Number of protein chains: 2
Amino acid sequence: MLEQGNDATFKAAESLAEQIARHVGRQIITGDLVEGERIQELRIASELNVSRGSVREALLILERRHLIEIYPRRGAVVAEMSAQQIKSLFEIVTLLLSVMVRRAADNWRQSDAESFTALLEKMQQLVRDGDIEGFYESSFAFFRMSYRFSMNPYIEEILEDLQPALQRGYYLALHTNKRELQEAYNFFKGVLEAVLLRKGEQAADLVGDFCLHLRSLVLDSLARMKQIELAWAQRSRR
Amino acid sequence: MLEQGNDATFKAAESLAEQIARHVGRQIITGDLVEGERIQELRIASELNVSRGSVREALLILERRHLIEIYPRRGAVVAEMSAQQIKSLFEIVTLLLSVMVRRAADNWRQSDAESFTALLEKMQQLVRDGDIEGFYESSFAFFRMSYRFSMNPYIEEILEDLQPALQRGYYLALHTNKRELQEAYNFFKGVLEAVLLRKGEQAADLVGDFCLHLRSLVLDSLARMKQIELAWAQRSRR
């Protein structure tokens, strides 16, 4: 019934609402659904051949993941993507990731090191192949593997809920700027090395620097996109 | 159909799912529903005379507010309330409130000062009257009025979603220790004064100190409650 997104590891126990949320979430992340666009419950229900109740549950999941806003009696719309929103997003993500890498530096064990090192090797190969899509998925797999090192279930959950909004911004940046693969790889490599050396502060500094870099990149891509939209709007008005 | 909780300001546009979530949320906050207890969709639906679909939506809202955990195919249970969970909760709350008060100190305007000062006067009266319930509600009204000063919609949302879990812990502490009213009042007064003097760091320090104080209080109340539960369990085994 539902196609699985590239990044969706199939989980047997995943609820129908969760599957619908992933499906619609992916459309928002990749820009198929744009900010302010209305999410029509009935259309989704009939397209996916699911009940309207399941769609309503999926919308609550997407709201929690900051991809849509639900207005009582008016329905759901895709969350905005503005410079201010990107700045706010990076502020909270940087804050929480800094806590997380400091903890990781204190608490990692040998088995953790191995899985991260293996993922990093895979990422290096993806950079060599210029595989943007693959690298993009691996970046977020890297993040997702990291959250539990915050040693705080609330921070873990909040980071997981923020990830889709971050993916949405990063998607825009990475797909307009291919040279970024190497830069991003260097970040993941650097932060892993610092953590493995138990240098929490150095890891937190790297996170801060890279988040700032990524933020500018996303802001630039956003500005360019808005310019293109404006140009098209003007052209169609002639 | 639904009774309005004391703290629930009636909103015309509030969805049915939101009303159900508030109703069940209040039972968790006040300890009528205890950690690990199963939340039965069908029982709630028939008790409140609402559809099962609306209850499922309400459960997603409660999960987002950290009051329950939903396990696919196994249903929902009330979230744990352990020393580790309380510590994690206070860690993230302290972090975000510190950001918030620093921002507030930089950004408040005259009209903000007036509404906070009025609320503080009301709180002073509630302390004089020894009105625990009223003071408790006003404390969270104070918090709720403060979130937007984070100037970051994500932080605002995260704080709002964390508030019920904080209420749950604070409820336990305040109702076992009445002398705390004055202490809590002094905190709200102190932090407001610091913010109005634009002393963001001082306000953040006060938040840090009070959160630590509150954390010990909640941890003590929790330990005492677990002891009582244990004593009862042993007695019933004889």
# chains A, B, ... in the order shown; residues from 1 in each chain; ligands from 1
>>> select_by_dssp(residues="range 2-99 of chain B", states="strand (DSSP E or B)", output="NGL selection string")
:B and (38-39 or 68-71 or 75-78)
>>> write_last_selection(atoms="N, CA, C and O atoms", output="CSV table (one decimal), in the first residue's frame")
chain,number,residue,atom,x,y,z
B,38,ARG,N,-1.9,0.8,32.5
B,38,ARG,CA,-2.3,0.8,31.1
B,38,ARG,C,-3.4,1.8,30.9
B,38,ARG,O,-4.3,1.9,31.7
B,39,ILE,N,-3.4,2.5,29.8
B,39,ILE,CA,-4.4,3.4,29.4
B,39,ILE,C,-5.3,2.7,28.4
B,39,ILE,O,-4.9,2.3,27.3
B,68,ILE,N,2.8,9.7,28.6
B,68,ILE,CA,2.6,8.3,28.4
B,68,ILE,C,3.6,7.8,27.3
B,68,ILE,O,4.2,8.5,26.7
B,69,GLU,N,3.7,6.4,27.3
B,69,GLU,CA,4.5,5.8,26.2
B,69,GLU,C,3.5,4.9,25.4
B,69,GLU,O,2.7,4.2,26.0
B,70,ILE,N,3.6,5.0,24.1
B,70,ILE,CA,2.8,4.1,23.2
B,70,ILE,C,3.6,3.1,22.6
B,70,ILE,O,4.6,3.4,22.0
B,71,TYR,N,3.3,1.8,22.8
B,71,TYR,CA,4.0,0.7,22.2
B,71,TYR,C,3.1,0.1,21.1
B,71,TYR,O,2.0,-0.3,21.4
B,75,GLY,N,-0.2,-1.0,23.1
B,75,GLY,CA,-1.0,0.0,23.7
B,75,GLY,C,-0.2,1.0,24.5
B,75,GLY,O,1.0,1.0,24.5
B,76,ALA,N,-0.9,1.8,25.2
B,76,ALA,CA,-0.3,3.0,25.9
B,76,ALA,C,-0.2,2.7,27.4
B,76,ALA,O,-1.1,2.1,28.0
B,77,VAL,N,0.9,3.1,28.0
B,77,VAL,CA,1.0,3.1,29.5
B,77,VAL,C,1.5,4.4,30.0
B,77,VAL,O,2.2,5.2,29.3
B,78,VAL,N,1.2,4.7,31.3
B,78,VAL,CA,1.6,5.9,31.9
B,78,VAL,C,3.1,5.9,32.0
B,78,VAL,O,3.7,4.9,32.4
>>> select_by_dssp(residues="range 1-233 of chain B", states="alpha helix (DSSP H)", output="PyMOL selection string")
chain B and resi 16-29+41-48+52-64+83-107+110-129+132-146+153-174+180-196+200-233
>>> interface_residues(of="chain B", to="chain A", cutoff="9 Å", atoms="only C-alpha atoms", output="PyMOL selection string")
chain B and resi 13-15+53-54+56-57+60-61+64+66+71-73+84-85+87-89+91-92+95-96+151-155+158+162
>>> write_last_selection(atoms="N, CA and C atoms", output="short mmCIF file (atom, residue, chain, number, x, y, z; two decimals), in the first residue's frame")
data_model
loop_
_atom_site.label_atom_id
_atom_site.label_comp_id
_atom_site.auth_asym_id
_atom_site.auth_seq_id
_atom_site.Cartn_x
_atom_site.Cartn_y
_atom_site.Cartn_z
N ALA B 13 -11.75 27.00 20.30
CA ALA B 13 -11.25 26.26 19.15
C ALA B 13 -10.56 24.95 19.52
N GLU B 14 -10.58 24.61 20.80
CA GLU B 14 -9.87 23.42 21.24
C GLU B 14 -10.53 22.16 20.68
N SER B 15 -9.72 21.29 20.11
CA SER B 15 -10.28 20.08 19.51
C SER B 15 -10.72 19.11 20.60
N GLY B 53 -11.43 6.79 17.88
CA GLY B 53 -10.48 7.57 17.08
C GLY B 53 -10.01 8.82 17.81
N SER B 54 -10.94 9.52 18.46
CA SER B 54 -10.56 10.72 19.21
C SER B 54 -9.65 10.38 20.38
N ARG B 56 -7.54 7.87 20.44
CA ARG B 56 -6.22 7.56 19.87
C ARG B 56 -5.45 8.85 19.57
N GLU B 57 -6.16 9.85 19.05
CA GLU B 57 -5.51 11.14 18.82
C GLU B 57 -5.02 11.75 20.13
N LEU B 60 -1.79 10.30 21.31
CA LEU B 60 -0.61 10.84 20.61
C LEU B 60 -0.20 12.19 21.20
N ILE B 61 -1.21 12.98 21.59
CA ILE B 61 -0.91 14.28 22.22
C ILE B 61 -0.24 14.05 23.58
N ARG B 64 3.38 12.99 23.13
CA ARG B 64 4.19 14.15 22.82
C ARG B 64 4.51 14.97 24.08
N HIS B 66 5.01 13.74 26.91
CA HIS B 66 5.86 12.92 27.79
C HIS B 66 5.11 12.32 28.98
N TYR B 71 3.27 1.80 22.81
CA TYR B 71 4.00 0.71 22.20
C TYR B 71 3.14 0.11 21.10
N PRO B 72 3.69 0.03 19.87
CA PRO B 72 2.87 -0.52 18.78
C PRO B 72 2.34 -1.90 19.14
N ARG B 73 1.09 -2.11 18.86
CA ARG B 73 0.38 -3.38 19.09
C ARG B 73 0.21 -3.73 20.57
N GLN B 84 15.90 8.72 37.93
CA GLN B 84 16.64 9.00 36.70
C GLN B 84 15.83 9.89 35.76
N GLN B 85 14.53 9.61 35.66
CA GLN B 85 13.67 10.37 34.76
C GLN B 85 13.55 11.82 35.26
N LYS B 87 15.74 13.49 37.03
CA LYS B 87 17.02 14.17 36.77
C LYS B 87 17.13 14.59 35.31
N SER B 88 16.74 13.69 34.42
CA SER B 88 16.78 14.02 32.98
C SER B 88 15.85 15.18 32.66
N LEU B 89 14.66 15.14 33.25
CA LEU B 89 13.67 16.19 33.01
C LEU B 89 14.20 17.55 33.46
N GLU B 91 17.26 18.42 33.87
CA GLU B 91 18.41 18.84 33.06
C GLU B 91 17.95 19.63 31.83
N ILE B 92 17.01 19.07 31.08
CA ILE B 92 16.59 19.74 29.85
C ILE B 92 15.79 21.01 30.15
N LEU B 95 18.17 23.81 31.18
CA LEU B 95 18.90 24.29 30.00
C LEU B 95 18.06 25.27 29.19
N LEU B 96 16.81 24.89 28.93
CA LEU B 96 15.96 25.72 28.07
C LEU B 96 15.44 26.96 28.79
N MET B 151 12.09 33.54 22.15
CA MET B 151 12.22 34.07 20.79
C MET B 151 12.57 32.95 19.79
N ASN B 152 12.16 31.76 20.13
CA ASN B 152 12.47 30.61 19.29
C ASN B 152 11.28 29.67 19.36
N PRO B 153 10.51 29.55 18.26
CA PRO B 153 9.29 28.74 18.31
C PRO B 153 9.54 27.28 18.67
N TYR B 154 10.72 26.76 18.34
CA TYR B 154 11.01 25.36 18.70
C TYR B 154 11.17 25.23 20.21
N ILE B 155 11.96 26.13 20.81
CA ILE B 155 12.16 26.08 22.26
C ILE B 155 10.83 26.28 22.99
N ILE B 158 8.88 23.05 22.71
CA ILE B 158 9.50 21.99 23.53
C ILE B 158 9.19 22.23 25.00
N LEU B 162 7.07 19.90 27.56
CA LEU B 162 7.69 19.37 28.79
C LEU B 162 6.91 19.76 30.04
#
>>> residues_around(residues="Leu42 in chain B", least_positions_apart="3", cutoff="9 Å", atoms="only C-alpha atoms", output="number ranges by chain")
B: 45-47, 51-52, 55
>>> residues_around(residues="Asp112 in chain B", least_positions_apart="4", cutoff="12 Å", atoms="only C-alpha atoms", output="MDAnalysis selection string")
chainID B and resid 104:105 107:108 116:119 142 145:146 148:149 192 195:196
>>> residues_around(residues="Ile132 in chain B", least_positions_apart="5", cutoff="8 Å", atoms="only C-alpha atoms", output="PDB file with N, CA, C and O atoms, in the first residue's frame")
ATOM      1  N   LEU B 126      -1.909  34.390  47.270  1.00  0.00           N
ATOM      2  CA  LEU B 126      -2.140  32.943  47.392  1.00  0.00           C
ATOM      3  C   LEU B 126      -1.233  32.326  48.450  1.00  0.00           C
ATOM      4  O   LEU B 126      -1.638  31.414  49.181  1.00  0.00           O
ATOM      5  N   VAL B 127       0.011  32.849  48.554  1.00  0.00           N
ATOM      6  CA  VAL B 127       0.926  32.366  49.605  1.00  0.00           C
ATOM      7  C   VAL B 127       0.343  32.726  50.966  1.00  0.00           C
ATOM      8  O   VAL B 127       0.290  31.881  51.866  1.00  0.00           O
ATOM      9  N   LEU B 174       4.923  19.773  45.927  1.00  0.00           N
ATOM     10  CA  LEU B 174       4.218  20.874  46.575  1.00  0.00           C
ATOM     11  C   LEU B 174       3.159  20.341  47.536  1.00  0.00           C
ATOM     12  O   LEU B 174       2.898  20.948  48.570  1.00  0.00           O
ATOM     13  N   HIS B 175       2.564  19.212  47.195  1.00  0.00           N
ATOM     14  CA  HIS B 175       1.499  18.691  48.040  1.00  0.00           C
ATOM     15  C   HIS B 175       2.009  17.904  49.239  1.00  0.00           C
ATOM     16  O   HIS B 175       1.250  17.496  50.098  1.00  0.00           O
ATOM     17  N   LYS B 178       4.161  22.010  52.307  1.00  0.00           N
ATOM     18  CA  LYS B 178       3.471  23.286  52.169  1.00  0.00           C
ATOM     19  C   LYS B 178       4.377  24.501  52.372  1.00  0.00           C
ATOM     20  O   LYS B 178       4.096  25.585  51.884  1.00  0.00           O
ATOM     21  N   LEU B 181       5.704  27.033  49.455  1.00  0.00           N
ATOM     22  CA  LEU B 181       5.029  28.129  48.757  1.00  0.00           C
ATOM     23  C   LEU B 181       5.880  29.398  48.794  1.00  0.00           C
ATOM     24  O   LEU B 181       6.115  30.045  47.771  1.00  0.00           O
TER      25      LEU B 181
END
>>> closest_residue(among="A:Leu197, A:Val191, A:Ala204, A:Ala165", to="Ser82 in chain A", atoms="only C-alpha atoms")
A:Ala165
>>> atom_distance(atom1="CA of Glu80 in chain A", atom2="CA of Glu37 in chain A")
9.4 Å
>>> atom_distance(atom1="CA of Gly208 in chain A", atom2="CA of Thr94 in chain A")
6.1 Å
>>> residues_around(residues="Gln124 in chain B", least_positions_apart="5", cutoff="10 Å", atoms="only C-alpha atoms", output="PDB file with C-alpha atoms, in the first residue's frame")
ATOM      1  CA  LEU B 119       0.423  37.756  38.308  1.00  0.00           C
ATOM      2  CA  ASP B 129      -3.893  32.355  52.014  1.00  0.00           C
ATOM      3  CA  GLY B 130      -1.895  29.115  51.962  1.00  0.00           C
ATOM      4  CA  PHE B 135      -0.402  28.851  43.767  1.00  0.00           C
ATOM      5  CA  LEU B 181       5.029  28.129  48.757  1.00  0.00           C
ATOM      6  CA  GLN B 182       7.104  31.010  50.148  1.00  0.00           C
ATOM      7  CA  TYR B 185       7.258  32.724  45.473  1.00  0.00           C
ATOM      8  CA  ASN B 186      10.690  34.171  46.284  1.00  0.00           C
ATOM      9  CA  LYS B 189       9.868  37.368  42.434  1.00  0.00           C
TER      10      LYS B 189
END
>>> residues_around(residues="Phe210 in chain A", least_positions_apart="4", cutoff="8 Å", atoms="only C-alpha atoms", output="list of chain:residue names")
A:Phe187, A:Leu206, A:Leu214
>>> decode(residues="range 129-142 of chain B", atoms="all heavy atoms", output="mmCIF file, in the first residue's frame")
data_model
loop_
_atom_site.group_PDB
_atom_site.id
_atom_site.type_symbol
_atom_site.label_atom_id
_atom_site.label_comp_id
_atom_site.auth_asym_id
_atom_site.auth_seq_id
_atom_site.Cartn_x
_atom_site.Cartn_y
_atom_site.Cartn_z
ATOM 1 N N ASP B 129 -2.712 33.193 51.758
ATOM 2 C CA ASP B 129 -3.893 32.355 52.014
ATOM 3 C C ASP B 129 -3.541 30.866 52.181
ATOM 4 O O ASP B 129 -4.414 30.060 52.486
ATOM 5 C CB ASP B 129 -4.899 32.480 50.852
ATOM 6 C CG ASP B 129 -5.388 33.914 50.678
ATOM 7 O OD1 ASP B 129 -5.188 34.725 51.620
ATOM 8 O OD2 ASP B 129 -5.951 34.224 49.615
ATOM 9 N N GLY B 130 -2.281 30.536 51.911
ATOM 10 C CA GLY B 130 -1.895 29.115 51.962
ATOM 11 C C GLY B 130 -2.626 28.280 50.926
ATOM 12 O O GLY B 130 -2.864 27.092 51.118
ATOM 13 N N ASP B 131 -2.969 28.905 49.819
ATOM 14 C CA ASP B 131 -3.745 28.225 48.763
ATOM 15 C C ASP B 131 -2.793 27.467 47.823
ATOM 16 O O ASP B 131 -2.357 27.991 46.801
ATOM 17 C CB ASP B 131 -4.563 29.274 47.993
ATOM 18 C CG ASP B 131 -5.439 28.648 46.916
ATOM 19 O OD1 ASP B 131 -5.252 27.456 46.581
ATOM 20 O OD2 ASP B 131 -6.313 29.368 46.388
ATOM 21 N N ILE B 132 -2.485 26.243 48.202
ATOM 22 C CA ILE B 132 -1.514 25.444 47.431
ATOM 23 C C ILE B 132 -1.964 25.252 45.987
ATOM 24 O O ILE B 132 -1.213 25.489 45.048
ATOM 25 C CB ILE B 132 -1.317 24.047 48.067
ATOM 26 C CG1 ILE B 132 -0.697 24.194 49.458
ATOM 27 C CG2 ILE B 132 -0.432 23.175 47.190
ATOM 28 C CD1 ILE B 132 -0.372 22.864 50.115
ATOM 29 N N GLU B 133 -3.212 24.816 45.849
ATOM 30 C CA GLU B 133 -3.752 24.525 44.512
ATOM 31 C C GLU B 133 -3.678 25.769 43.616
ATOM 32 O O GLU B 133 -3.211 25.708 42.483
ATOM 33 C CB GLU B 133 -5.201 24.056 44.665
ATOM 34 C CG GLU B 133 -5.752 23.225 43.541
ATOM 35 C CD GLU B 133 -5.093 21.854 43.437
ATOM 36 O OE1 GLU B 133 -4.758 21.257 44.490
ATOM 37 O OE2 GLU B 133 -4.904 21.398 42.302
ATOM 38 N N GLY B 134 -4.121 26.904 44.160
ATOM 39 C CA GLY B 134 -4.119 28.150 43.398
ATOM 40 C C GLY B 134 -2.710 28.595 43.046
ATOM 41 O O GLY B 134 -2.448 29.034 41.919
ATOM 42 N N PHE B 135 -1.787 28.454 44.011
ATOM 43 C CA PHE B 135 -0.402 28.851 43.767
ATOM 44 C C PHE B 135 0.218 27.980 42.683
ATOM 45 O O PHE B 135 0.928 28.455 41.796
ATOM 46 C CB PHE B 135 0.422 28.751 45.054
ATOM 47 C CG PHE B 135 1.815 29.286 44.890
ATOM 48 C CD1 PHE B 135 2.069 30.641 45.016
ATOM 49 C CD2 PHE B 135 2.867 28.445 44.561
ATOM 50 C CE1 PHE B 135 3.353 31.150 44.832
ATOM 51 C CE2 PHE B 135 4.145 28.937 44.370
ATOM 52 C CZ PHE B 135 4.392 30.293 44.512
ATOM 53 N N TYR B 136 -0.091 26.692 42.771
ATOM 54 C CA TYR B 136 0.408 25.724 41.797
ATOM 55 C C TYR B 136 -0.026 26.115 40.376
ATOM 56 O O TYR B 136 0.784 26.164 39.445
ATOM 57 C CB TYR B 136 -0.142 24.349 42.183
ATOM 58 C CG TYR B 136 0.160 23.230 41.232
ATOM 59 C CD1 TYR B 136 1.347 22.529 41.320
ATOM 60 C CD2 TYR B 136 -0.773 22.853 40.268
ATOM 61 C CE1 TYR B 136 1.614 21.480 40.447
ATOM 62 C CE2 TYR B 136 -0.515 21.806 39.402
ATOM 63 C CZ TYR B 136 0.681 21.122 39.500
ATOM 64 O OH TYR B 136 0.939 20.098 38.636
ATOM 65 N N GLU B 137 -1.324 26.439 40.231
ATOM 66 C CA GLU B 137 -1.836 26.826 38.907
ATOM 67 C C GLU B 137 -1.161 28.105 38.417
ATOM 68 O O GLU B 137 -0.796 28.230 37.249
ATOM 69 C CB GLU B 137 -3.362 27.032 38.945
ATOM 70 C CG GLU B 137 -4.185 25.815 39.370
ATOM 71 C CD GLU B 137 -4.018 24.599 38.463
ATOM 72 O OE1 GLU B 137 -3.508 24.755 37.342
ATOM 73 O OE2 GLU B 137 -4.391 23.494 38.909
ATOM 74 N N SER B 138 -0.970 29.073 39.339
ATOM 75 C CA SER B 138 -0.367 30.352 38.953
ATOM 76 C C SER B 138 1.095 30.190 38.542
ATOM 77 O O SER B 138 1.577 30.885 37.652
ATOM 78 C CB SER B 138 -0.443 31.355 40.102
ATOM 79 O OG SER B 138 -1.783 31.574 40.447
ATOM 80 N N SER B 139 1.794 29.261 39.212
ATOM 81 C CA SER B 139 3.199 29.015 38.855
ATOM 82 C C SER B 139 3.300 28.632 37.389
ATOM 83 O O SER B 139 4.160 29.128 36.658
ATOM 84 C CB SER B 139 3.785 27.861 39.674
ATOM 85 O OG SER B 139 3.670 28.104 41.040
ATOM 86 N N PHE B 140 2.411 27.730 36.975
ATOM 87 C CA PHE B 140 2.499 27.260 35.602
ATOM 88 C C PHE B 140 1.942 28.282 34.609
ATOM 89 O O PHE B 140 2.357 28.330 33.464
ATOM 90 C CB PHE B 140 1.882 25.867 35.462
ATOM 91 C CG PHE B 140 2.787 24.830 36.044
ATOM 92 C CD1 PHE B 140 2.569 24.322 37.313
ATOM 93 C CD2 PHE B 140 3.920 24.421 35.350
ATOM 94 C CE1 PHE B 140 3.443 23.400 37.874
ATOM 95 C CE2 PHE B 140 4.799 23.500 35.892
ATOM 96 C CZ PHE B 140 4.564 22.987 37.167
ATOM 97 N N ALA B 141 1.026 29.116 35.084
ATOM 98 C CA ALA B 141 0.582 30.234 34.246
ATOM 99 C C ALA B 141 1.770 31.169 34.001
ATOM 100 O O ALA B 141 1.984 31.657 32.884
ATOM 101 C CB ALA B 141 -0.555 30.991 34.926
ATOM 102 N N PHE B 142 2.572 31.384 35.036
ATOM 103 C CA PHE B 142 3.788 32.207 34.939
ATOM 104 C C PHE B 142 4.746 31.613 33.901
ATOM 105 O O PHE B 142 5.228 32.302 33.003
ATOM 106 C CB PHE B 142 4.452 32.273 36.322
ATOM 107 C CG PHE B 142 5.479 33.358 36.484
ATOM 108 C CD1 PHE B 142 5.205 34.496 37.237
ATOM 109 C CD2 PHE B 142 6.737 33.245 35.902
ATOM 110 C CE1 PHE B 142 6.161 35.496 37.399
ATOM 111 C CE2 PHE B 142 7.698 34.236 36.069
ATOM 112 C CZ PHE B 142 7.414 35.363 36.815
#
